[in-house]
$ cat upload37.pdb   # PDB, C-alpha atoms
ATOM      1  CA  MET K   1      -6.504   7.327  22.045
ATOM      2  CA  ILE K   2      -7.086   3.624  21.500
ATOM      3  CA  GLU K   3     -10.276   2.823  19.649
ATOM      4  CA  LYS K   4     -12.344  -0.287  20.126
ATOM      5  CA  ILE K   5     -12.417  -2.904  17.429
ATOM      6  CA  SER K   6     -15.476  -2.294  15.288
ATOM      7  CA  LYS K   7     -17.427  -4.507  12.905
ATOM      8  CA  ASP K   8     -15.746  -2.974   9.844
ATOM      9  CA  ASP K   9     -12.197  -3.661  11.069
ATOM     10  CA  TRP K  10     -12.165  -7.001   9.236
ATOM     11  CA  GLN K  11     -11.087  -5.065   6.129
ATOM     12  CA  TYR K  12      -7.796  -4.169   7.851
ATOM     13  CA  PHE K  13      -7.245  -7.656   9.250
ATOM     14  CA  VAL K  14      -7.364  -9.305   5.810
ATOM     15  CA  PRO K  15      -4.161  -7.692   4.428
ATOM     16  CA  PHE K  16      -2.579  -7.841   7.906
ATOM     17  CA  PHE K  17      -3.096 -11.607   8.090
ATOM     18  CA  ALA K  18      -2.200 -12.141   4.420
ATOM     19  CA  CYS K  19       1.177 -10.437   4.982
ATOM     20  CA  THR K  20       1.749 -12.372   8.209
ATOM     21  CA  ILE K  21       0.844 -15.771   6.721
ATOM     22  CA  CYS K  22       3.058 -15.130   3.681
ATOM     23  CA  PHE K  23       5.944 -14.193   5.970
ATOM     24  CA  ILE K  24       5.533 -17.413   7.941
ATOM     25  CA  ALA K  25       5.388 -19.427   4.684
ATOM     26  CA  THR K  26       8.643 -17.928   3.392
ATOM     27  CA  ASP K  27      10.779 -17.130   6.418
ATOM     28  CA  PHE K  28       9.774 -19.799   8.936
ATOM     29  CA  LEU K  29       8.518 -22.724   6.883
ATOM     30  CA  GLY K  30      10.555 -22.067   3.750
ATOM     31  CA  ILE K  31       7.819 -23.433   1.478
ATOM     32  CA  ILE K  32       7.832 -20.450  -0.902
ATOM     33  CA  ASP K  33      10.875 -18.873  -2.536
ATOM     34  CA  LYS K  34      10.455 -15.064  -2.595
ATOM     35  CA  THR K  35      12.031 -14.771  -6.040
ATOM     36  CA  TYR K  36       9.083 -16.704  -7.512
ATOM     37  CA  ILE K  37       6.503 -14.224  -6.229
ATOM     38  CA  ALA K  38       8.352 -10.878  -6.172
ATOM     39  CA  TYR K  39       7.652  -7.978  -8.506
ATOM     40  CA  TRP K  40      10.149  -8.501 -11.323
ATOM     41  CA  SER K  41       9.902  -5.926 -14.080
ATOM     42  CA  GLY K  42      11.161  -8.266 -16.809
ATOM     43  CA  ARG K  43       8.756 -11.089 -15.899
ATOM     44  CA  LEU K  44       5.622  -9.148 -14.921
ATOM     45  CA  PHE K  45       3.670  -9.716 -18.131
ATOM     46  CA  TYR K  46       4.784 -13.352 -18.411
ATOM     47  CA  GLU K  47       3.854 -14.051 -14.791
ATOM     48  CA  PRO K  48       1.023 -11.613 -13.981
ATOM     49  CA  TYR K  49       0.347 -13.139 -10.549
ATOM     50  CA  ARG K  50       3.357 -11.130  -9.373
ATOM     51  CA  VAL K  51       1.178  -7.982  -9.584
ATOM     52  CA  ILE K  52      -0.623  -9.272  -6.459
ATOM     53  CA  THR K  53       1.757 -11.675  -4.729
ATOM     54  CA  SER K  54       4.664  -9.243  -4.523
ATOM     55  CA  HIS K  55       2.725  -7.019  -2.121
ATOM     56  CA  PHE K  56       2.141  -9.634   0.566
ATOM     57  CA  PHE K  57       5.707 -10.911   0.968
ATOM     58  CA  HIS K  58       8.433  -9.111   2.933
ATOM     59  CA  GLY K  59      12.212  -9.167   3.115
ATOM     60  CA  ASP K  60      12.521  -9.673   6.871
ATOM     61  CA  LEU K  61      10.678  -9.243  10.154
ATOM     62  CA  ASN K  62      11.442  -5.499  10.366
ATOM     63  CA  HIS K  63      10.014  -5.006   6.878
ATOM     64  CA  LEU K  64       6.866  -6.917   7.839
ATOM     65  CA  LEU K  65       6.426  -5.013  11.114
ATOM     66  CA  ALA K  66       6.867  -1.647   9.396
ATOM     67  CA  ASN K  67       4.177  -2.481   6.854
ATOM     68  CA  VAL K  68       1.612  -4.022   9.209
ATOM     69  CA  SER K  69       2.128  -0.974  11.437
ATOM     70  CA  GLY K  70       1.320   1.112   8.371
ATOM     71  CA  ILE K  71      -2.014  -0.706   8.063
ATOM     72  CA  ILE K  72      -2.798   0.227  11.672
ATOM     73  CA  VAL K  73      -1.847   3.860  11.026
ATOM     74  CA  ALA K  74      -3.987   3.935   7.879
ATOM     75  CA  ARG K  75      -6.923   2.622   9.933
ATOM     76  CA  TYR K  76      -6.422   5.412  12.477
ATOM     77  CA  PHE K  77      -6.450   8.110   9.793
ATOM     78  CA  LEU K  78      -9.440   6.662   7.946
ATOM     79  CA  LYS K  79     -11.432   6.354  11.179
ATOM     80  CA  SER K  80     -10.432   9.929  12.124
ATOM     81  CA  LEU K  81     -11.738  11.124   8.757
ATOM     82  CA  GLY K  82     -15.072   9.438   9.491
ATOM     83  CA  LEU K  83     -14.910   6.426   7.152
ATOM     84  CA  LYS K  84     -18.365   4.880   6.869
ATOM     85  CA  SER K  85     -17.720   1.776   4.789
ATOM     86  CA  ASP K  86     -17.342  -1.868   5.668
ATOM     87  CA  TYR K  87     -15.079  -2.626   2.702
ATOM     88  CA  PHE K  88     -13.496   0.599   1.398
ATOM     89  CA  PHE K  89      -9.951  -0.270   2.565
ATOM     90  CA  LEU K  90     -10.023  -3.741   1.046
ATOM     91  CA  ALA K  91     -11.441  -2.437  -2.242
ATOM     92  CA  PHE K  92      -8.766   0.276  -2.306
ATOM     93  CA  VAL K  93      -6.018  -2.298  -1.693
ATOM     94  CA  ALA K  94      -7.393  -4.543  -4.454
ATOM     95  CA  LEU K  95      -7.388  -1.653  -6.933
ATOM     96  CA  ILE K  96      -4.098  -0.061  -6.014
ATOM     97  CA  MET K  97      -1.986  -3.226  -6.193
ATOM     98  CA  PRO K  98      -2.211  -3.690  -9.982
ATOM     99  CA  LEU K  99      -2.127   0.077 -10.629
ATOM    100  CA  GLN K 100       0.993   0.537  -8.487
ATOM    101  CA  ALA K 101       2.705  -2.463 -10.127
ATOM    102  CA  PHE K 102       1.855  -1.141 -13.602
ATOM    103  CA  ILE K 103       3.199   2.339 -12.839
ATOM    104  CA  CYS K 104       6.350   0.799 -11.377
ATOM    105  CA  TRP K 105       6.720  -1.389 -14.480
ATOM    106  CA  CYS K 106       6.352   1.679 -16.729
ATOM    107  CA  LEU K 107       9.122   3.447 -14.805
ATOM    108  CA  ASP K 108      11.371   0.381 -14.821
ATOM    109  CA  ILE K 109      10.889  -0.743 -18.427
ATOM    110  CA  LEU K 110       9.815   2.308 -20.427
ATOM    111  CA  VAL K 111      11.846   4.991 -18.616
ATOM    112  CA  LEU K 112      14.896   3.140 -17.266
ATOM    113  CA  GLY K 113      14.948   0.079 -19.524
ATOM    114  CA  ASN K 114      15.602  -2.111 -16.465
ATOM    115  CA  PRO K 115      14.127  -5.631 -16.780
ATOM    116  CA  MET K 116      15.894  -6.773 -13.588
ATOM    117  CA  SER K 117      14.091  -4.664 -10.991
ATOM    118  CA  LEU K 118      12.893  -6.800  -8.058
ATOM    119  CA  ALA K 119      10.694  -5.669  -5.164
ATOM    120  CA  ILE K 120       8.470  -7.088  -2.435
ATOM    121  CA  GLY K 121       6.351  -5.587   0.309
ATOM    122  CA  PHE K 122       3.118  -3.788   1.116
ATOM    123  CA  SER K 123       4.691  -0.327   1.343
ATOM    124  CA  GLY K 124       3.732   0.727  -2.191
ATOM    125  CA  VAL K 125       0.098   0.155  -1.206
ATOM    126  CA  LEU K 126       0.659   2.116   2.008
ATOM    127  CA  PHE K 127       2.152   5.039   0.097
ATOM    128  CA  GLY K 128      -0.964   4.941  -2.072
ATOM    129  CA  ILE K 129      -3.292   5.057   0.912
ATOM    130  CA  ASP K 130      -1.158   7.870   2.375
ATOM    131  CA  ALA K 131      -1.620   9.872  -0.839
ATOM    132  CA  PHE K 132      -5.359   9.187  -0.779
ATOM    133  CA  ILE K 133      -5.606  10.247   2.877
ATOM    134  CA  LEU K 134      -3.513  13.362   2.189
ATOM    135  CA  MET K 135      -5.901  14.452  -0.560
ATOM    136  CA  THR K 136      -8.900  13.575   1.608
ATOM    137  CA  THR K 137      -7.704  15.810   4.461
ATOM    138  CA  ILE K 138      -7.776  18.696   1.968
ATOM    139  CA  TYR K 139     -10.873  17.953  -0.143
ATOM    140  CA  GLY K 140     -12.881  15.221   1.590
ATOM    141  CA  LYS K 141     -14.326  12.290  -0.366
ATOM    142  CA  ASN K 142     -17.944  11.123  -0.325
ATOM    143  CA  LYS K 143     -17.638   8.287  -2.836
ATOM    144  CA  PHE K 144     -14.815   6.112  -4.059
ATOM    145  CA  LEU K 145     -15.978   4.639  -7.350
ATOM    146  CA  SER K 146     -19.442   3.462  -6.288
ATOM    147  CA  ILE K 147     -18.520   2.932  -2.625
ATOM    148  CA  SER K 148     -19.991   5.424  -0.207
ATOM    149  CA  CYS K 149     -17.134   6.262   2.171
ATOM    150  CA  GLU K 150     -18.177   9.697   3.501
ATOM    151  CA  LEU K 151     -14.631  10.787   4.347
ATOM    152  CA  LYS K 152     -14.681  14.325   5.716
ATOM    153  CA  LYS K 153     -11.917  16.813   5.043
ATOM    154  CA  ASP K 154      -9.911  17.599   8.157
ATOM    155  CA  PRO K 155      -7.105  20.164   7.889
ATOM    156  CA  ARG K 156      -5.963  19.226  11.423
ATOM    157  CA  LEU K 157      -4.801  15.837  10.120
ATOM    158  CA  LEU K 158      -2.991  17.394   7.150
ATOM    159  CA  LYS K 159       0.203  18.076   9.118
ATOM    160  CA  SER K 160       0.332  14.538  10.499
ATOM    161  CA  ILE K 161      -0.204  12.742   7.192
ATOM    162  CA  SER K 162       2.160  15.167   5.417
ATOM    163  CA  LEU K 163       4.888  14.473   7.977
ATOM    164  CA  LEU K 164       4.329  10.726   7.755
ATOM    165  CA  THR K 165       4.431  10.792   3.955
ATOM    166  CA  GLY K 166       7.485  13.087   3.906
ATOM    167  CA  VAL K 167       9.442  10.832   6.290
ATOM    168  CA  GLY K 168       8.437   7.850   4.134
ATOM    169  CA  ILE K 169       9.724   9.559   0.997
ATOM    170  CA  ILE K 170      13.057  10.341   2.690
ATOM    171  CA  TRP K 171      13.203   6.719   3.918
ATOM    172  CA  SER K 172      12.747   5.596   0.296
ATOM    173  CA  PHE K 173      16.204   6.913  -0.603
ATOM    174  CA  LEU K 174      17.962   4.504   1.770
ATOM    175  CA  PRO K 175      19.855   1.568   0.234
ATOM    176  CA  GLY K 176      17.770  -1.556  -0.289
ATOM    177  CA  ILE K 177      14.485   0.388  -0.397
ATOM    178  CA  SER K 178      12.454   0.503  -3.602
ATOM    179  CA  LEU K 179      12.203   4.211  -4.409
ATOM    180  CA  PHE K 180      10.184   3.496  -7.554
ATOM    181  CA  GLY K 181       7.926   1.083  -5.670
ATOM    182  CA  HIS K 182       7.134   3.758  -3.099
ATOM    183  CA  MET K 183       6.742   6.610  -5.585
ATOM    184  CA  SER K 184       4.582   4.533  -7.927
ATOM    185  CA  GLY K 185       2.333   3.749  -4.947
ATOM    186  CA  LEU K 186       2.127   7.446  -4.105
ATOM    187  CA  LEU K 187       1.209   8.319  -7.690
ATOM    188  CA  ALA K 188      -1.355   5.480  -7.816
ATOM    189  CA  GLY K 189      -2.968   6.805  -4.630
ATOM    190  CA  PHE K 190      -3.269  10.307  -6.081
ATOM    191  CA  LEU K 191      -4.788   8.864  -9.273
ATOM    192  CA  LEU K 192      -7.301   6.730  -7.362
ATOM    193  CA  PHE K 193      -8.365   9.751  -5.320
ATOM    194  CA  TRP K 194      -9.467  11.539  -8.478
ATOM    195  CA  LEU K 195     -11.627   8.599  -9.690
TER     196      LEU K 195
END
$ encode --input "upload37.pdb" --output "C-alpha cells"
Amino acid sequence: MIEKISKDDWQYFVPFFACTICFIATDFLGIIDKTYIAYWSGRLFYEPYRVITSHFFHGDLNHLLANVSGIIVARYFLKSLGLKSDYFFLAFVALIMPLQAFICWCLDILVLGNPMSLAIGFSGVLFGIDAFILMTTIYGKNKFLSISCELKKDPRLLKSISLLTGVGIIWSFLPGISLFGHMSGLLAGFLLFWL
C-alpha cells in the first residue's frame, strides 16, 4: 500500500537528497574525488570529517539506488511500527554514522591491523536502522534517548525485517562489498536500540 507523504517525511528526504547531491558532485560533475571523502581506516583520526562524508557518497548509480531504496524501506517499516516523531530518523542517522565508523575502525585497526580499508555508502547506516527496527518489532520502543518515538512492537513485521536483514548480510559477502562496514552498522544499530 502506498502511503501519502506526511509532514514528518522531511527527515527521510534529507539523507536521500544528500546522497543524491553527493553522487551528482562526484560522478556527473567530477568536482569531488571520492578518495578524499571515503572512510579510510588509516586516515580516520587525522581527517575526522570522513566519519560523516563517507556515508553520503556512492561507488556507482546501482550503489546509490540500492541505498536510497533502503531509506524508503526504512520509512515503510518505521511508519508501520507507528513512529510518532518528526525527527527520529534524522537523529538516528546523525548518531549512527560516527558510531558505525568507530566500530568499523576498531575492527580494521585493532583487530585486523589494516590501515588501508576504504569504504563509501549509506548501507552501514541502513544496516543499523534494520537492526533497530528488528529489535523494535520484538520489544517496541517508546523513547530513543530523549526523543519520544512511540514505536510499537509488531511480531508480524519480524519475518519481513529478518528476511531483509538476512539477505543483506549474505549480500555483504560478495566481492567489492564492505562486510565490516555492514556488520559494524548492524552492531551500532543494536547498541543504539539499548540506549
$ residues_near_point --input "upload37.pdb" --point "(-11.2, 13.1, -9.5)" --cutoff "10 Å" --atoms "all atoms listed in the file" --output "number ranges by chain"
K: 141, 144-145, 190-195
$ closest_residue --input "upload37.pdb" --among "K:Phe122, K:Phe132, K:Phe23, K:Tyr49" --to "Gly181 in chain K" --atoms "all atoms listed in the file"
K:Phe122
$ resolve_selection --input "upload37.pdb" --expression "the PyMOL selection byres ((chain K and resi 97-102) around 7)" --output "VMD selection string"
chain K and resid 51 to 52 93 to 96 103 to 106 124 to 125 184 to 185 188
$ residues_around --input "upload37.pdb" --residues "range 10-17 of chain K" --least-positions-apart "6" --cutoff "8 Å" --atoms "all atoms listed in the file" --output "PyMOL selection string"
chain K and resi 56+68+71-72+75+86-90
$ residues_around --input "upload37.pdb" --residues "range 76-84 of chain K" --least-positions-apart "4" --cutoff "8 Å" --atoms "all atoms listed in the file" --output "PyMOL selection string"
chain K and resi 72+133+137+148-154+157
$ residues_around --input "upload37.pdb" --residues "range 158-166 of chain K" --least-positions-apart "5" --cutoff "9 Å" --atoms "all atoms listed in the file" --output "PDB file with C-alpha atoms, keeping the file's coordinate frame"
ATOM      1  CA  PHE K  77      -6.450   8.110   9.793  1.00  0.00           C
ATOM      2  CA  PHE K 127       2.152   5.039   0.097  1.00  0.00           C
ATOM      3  CA  ASP K 130      -1.158   7.870   2.375  1.00  0.00           C
ATOM      4  CA  ALA K 131      -1.620   9.872  -0.839  1.00  0.00           C
ATOM      5  CA  ILE K 133      -5.606  10.247   2.877  1.00  0.00           C
ATOM      6  CA  LEU K 134      -3.513  13.362   2.189  1.00  0.00           C
ATOM      7  CA  MET K 135      -5.901  14.452  -0.560  1.00  0.00           C
ATOM      8  CA  THR K 136      -8.900  13.575   1.608  1.00  0.00           C
ATOM      9  CA  THR K 137      -7.704  15.810   4.461  1.00  0.00           C
ATOM     10  CA  ILE K 138      -7.776  18.696   1.968  1.00  0.00           C
ATOM     11  CA  TRP K 171      13.203   6.719   3.918  1.00  0.00           C
TER      12      TRP K 171
END
$ closest_residue --input "upload37.pdb" --among "K:Leu64, K:Asn114, K:Phe180, K:Ile169" --to "Ile21 in chain K" --atoms "all atoms listed in the file"
K:Leu64
$ atom_distance --input "upload37.pdb" --atom1 "CA of Ala119 in chain K" --atom2 "CA of Lys34 in chain K"
9.7 Å
$ closest_residue --input "upload37.pdb" --among "K:Arg50, K:Gly128, K:Ser41, K:Ile32" --to "Gly113 in chain K" --atoms "only C-alpha atoms"
K:Ser41
$ atom_distance --input "upload37.pdb" --atom1 "CA of His55 in chain K" --atom2 "CA of Phe28 in chain K"
18.3 Å
$ atom_distance --input "upload37.pdb" --atom1 "CA of Ser172 in chain K" --atom2 "CA of Phe92 in chain K"
22.3 Å
$ closest_residue --input "upload37.pdb" --among "K:Gly30, K:Gly140, K:Pro48, K:Gly42" --to "Leu110 in chain K" --atoms "all atoms listed in the file"
K:Gly42
$ closest_residue --input "upload37.pdb" --among "K:Arg43, K:Ser54, K:Ser85, K:Ile109" --to "Lys7 in chain K" --atoms "all atoms listed in the file"
K:Ser85
$ closest_residue --input "upload37.pdb" --among "K:Trp40, K:Tyr139, K:Tyr46, K:Phe57" --to "Asp108 in chain K" --atoms "all atoms listed in the file"
K:Trp40
